[in-house]
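Q: The structure's right below; bear with me while I get my questions together.
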Amino acid sequence: MSTDSIQLASLIASRLCHDLLSPVGGMANGIELLVDETDPKMREQCIDLLAQGARRTATRLRFFRLAFGAAGGFDAQLPAAEIEELVRAQAAEGRDIDVQWAVSVAELSKSAAKVLLNYALIGIDALPRGGTLAIAAEEREGSYEIAVRAEGMRIAFDKDIGRALEGGIAMDDLSAHTAPAMLVRLLAQECGGGVQHALTLAEGAGGALVLGAILPCG
């Protein structure tokens, strides 16, 4: 394994740990409260909170397993319905984000699914005050065409994410926040595809981030 591969894997692991810290920490706190709590109603509330934390953690793990890992083998086809479920659950994590799903294929290749999930993650991160996340994908002339549009009153888009998508940033300058963008670019490059992005900011009225990719189906 090359030094760059190790660096990227380390950053992805850091991102995963960061995003799992909140639900897992909440479960740990809930267990501590449950140990000392004697009131039946309070114990019931603690158990409900633990159940919510367990569901959040399980959903995030499923999302990251497909977005970052090698689940099912790299040649596996993934159901679009499962990907939609995970994106909607991720978008619902404490933010008012309306997910508009327009994926016309029943299944996506592993590479296409990873690109779509990581684009969705970037789009969700770009909407700290909520907004609309529109996701579209179709198969045309032997290629998947993927488009993700994040639109809201505030768009938070680190310029280094754009540089990572363009291949204009050194691996040593990546962070756990920008690593998913580098993973997208490398996935597209490996299968002979391409990625692009565009950011439009309207004065005093938010803006939109558009992420696109064309990837061979084979």
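By convention in this document, the chains of the structure tokens carry letters A, B, ... by their order, each chain's residues are numbered from 1, and ligands are numbered from 1 in the order they are shown.
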Report the residues of range 23-209 of chain A whose backbone DSSP state falls under strand (DSSP E), written as a ChimeraX atom specification.
A: /A:77-79,97-103,107-109,131-140,143-152,194-201,207-209
Q: Residues near range 10-23 of chain A, anyone? I mean within 7 Å using only C-alpha atoms, not counting same-chain ones fewer than 5 positions away, as a tab-separated table (two decimals) with C-alpha atoms, in the first residue's frame.
A:
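Written file, selection-v4.tsv:
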```
chain	number	residue	atom	x	y	z
A	53	GLY	CA	-28.94	6.29	19.63
A	56	ARG	CA	-28.70	6.38	14.53
A	57	THR	CA	-25.41	4.57	15.01
A	175	SER	CA	-8.31	16.76	6.11
A	176	ALA	CA	-10.95	14.36	7.38
A	177	HIS	CA	-13.52	16.85	6.05
A	179	ALA	CA	-11.03	13.35	2.16
```
Q: Quick one: of A:Arg154, A:Arg163, A:Arg140, A:Arg65, who's nearest to Asn118 in chain A, counting only C-alpha atoms?
A: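 Closest to Asn118 in chain A, using only C-alpha atoms: A:Arg65.
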Q: DSSP on the backbone: what in range 26-208 of chain A comes out alpha helix (DSSP H), as JSON, numbers by chain?
A: {"A": [26, 27, 28, 29, 30, 31, 32, 33, 34, 35, 36, 40, 41, 42, 43, 44, 45, 46, 47, 48, 49, 50, 51, 52, 53, 54, 55, 56, 57, 58, 59, 60, 61, 62, 63, 64, 65, 66, 67, 68, 80, 81, 82, 83, 84, 85, 86, 87, 88, 89, 90, 91, 110, 111, 112, 113, 114, 115, 116, 117, 118, 119, 120, 121, 122, 123, 124, 125, 159, 160, 161, 162, 163, 164, 165, 166, 179, 180, 181, 182, 183, 184, 185, 186, 187, 188, 189, 190]}
Q: So, counting only C-alpha atoms, which residue among A:Gly167, A:Glu138, A:Leu127, A:Ala112 is closest to Leu215 in chain A?
A: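 Of A:Gly167, A:Glu138, A:Leu127, A:Ala112, the one nearest Leu215 in chain A is A:Ala112, counting only C-alpha atoms.
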Q: Rank A:Ala106, A:Ala120, A:Ala170, A:Val24 by their smallest atom-to-atom distance to Leu49 in chain A, using only C-alpha atoms, and report the top residue only.
A: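 Of the candidates, the smallest distance to Leu49 in chain A is held by A:Val24.
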Q: Hey, which bits of range 103-213 of chain A sit within 12 Å of range 85-90 of chain A, and for each residue what's the closest pair of atoms and how far apart in Å (one decimal), counting only C-alpha atoms, rows by chain and increasing number, as JSON lines?
A:
```
{"residue": "A:Ala113", "atom": "CA", "partner": "A:Val87", "partner_atom": "CA", "distance": 11.1}
{"residue": "A:Lys114", "atom": "CA", "partner": "A:Val87", "partner_atom": "CA", "distance": 11.7}
{"residue": "A:Leu116", "atom": "CA", "partner": "A:Val87", "partner_atom": "CA", "distance": 9.4}
{"residue": "A:Leu117", "atom": "CA", "partner": "A:Val87", "partner_atom": "CA", "distance": 7.1}
{"residue": "A:Asn118", "atom": "CA", "partner": "A:Val87", "partner_atom": "CA", "distance": 9.8}
{"residue": "A:Tyr119", "atom": "CA", "partner": "A:Val87", "partner_atom": "CA", "distance": 10.2}
{"residue": "A:Ala120", "atom": "CA", "partner": "A:Val87", "partner_atom": "CA", "distance": 6.8}
{"residue": "A:Leu121", "atom": "CA", "partner": "A:Gln90", "partner_atom": "CA", "distance": 8.0}
{"residue": "A:Ile122", "atom": "CA", "partner": "A:Gln90", "partner_atom": "CA", "distance": 11.3}
{"residue": "A:Gly123", "atom": "CA", "partner": "A:Val87", "partner_atom": "CA", "distance": 10.6}
{"residue": "A:Ile124", "atom": "CA", "partner": "A:Gln90", "partner_atom": "CA", "distance": 8.1}
{"residue": "A:Asp125", "atom": "CA", "partner": "A:Gln90", "partner_atom": "CA", "distance": 10.4}
{"residue": "A:Thr132", "atom": "CA", "partner": "A:Arg88", "partner_atom": "CA", "distance": 11.6}
{"residue": "A:Leu133", "atom": "CA", "partner": "A:Arg88", "partner_atom": "CA", "distance": 9.6}
{"residue": "A:Ala134", "atom": "CA", "partner": "A:Val87", "partner_atom": "CA", "distance": 11.0}
{"residue": "A:Ile135", "atom": "CA", "partner": "A:Val87", "partner_atom": "CA", "distance": 9.7}
{"residue": "A:Val148", "atom": "CA", "partner": "A:Val87", "partner_atom": "CA", "distance": 11.7}
```
Q: Pick from A:Ala213, A:Met42, A:Ala54, A:Ile97: nearest to Gly192 in chain A, with only C-alpha atoms counted?
A: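 Result for the nearest residue to Gly192 in chain A: A:Ala213.
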Q: Got a sec: who's within 10 Å of Leu108 in chain A, counting only C-alpha atoms, leaving out chain neighbours fewer than 2 positions off, as a ChimeraX atom specification?
A: /A:76-80,83,103,105-106,110-114,116,137-139,144,217
Q: In Å, rounded to a single decimal, give me how far CA of Trp101 in chain A is from CA of Ala136 in chain A.
A: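 A separation of 6.3 Å between them.
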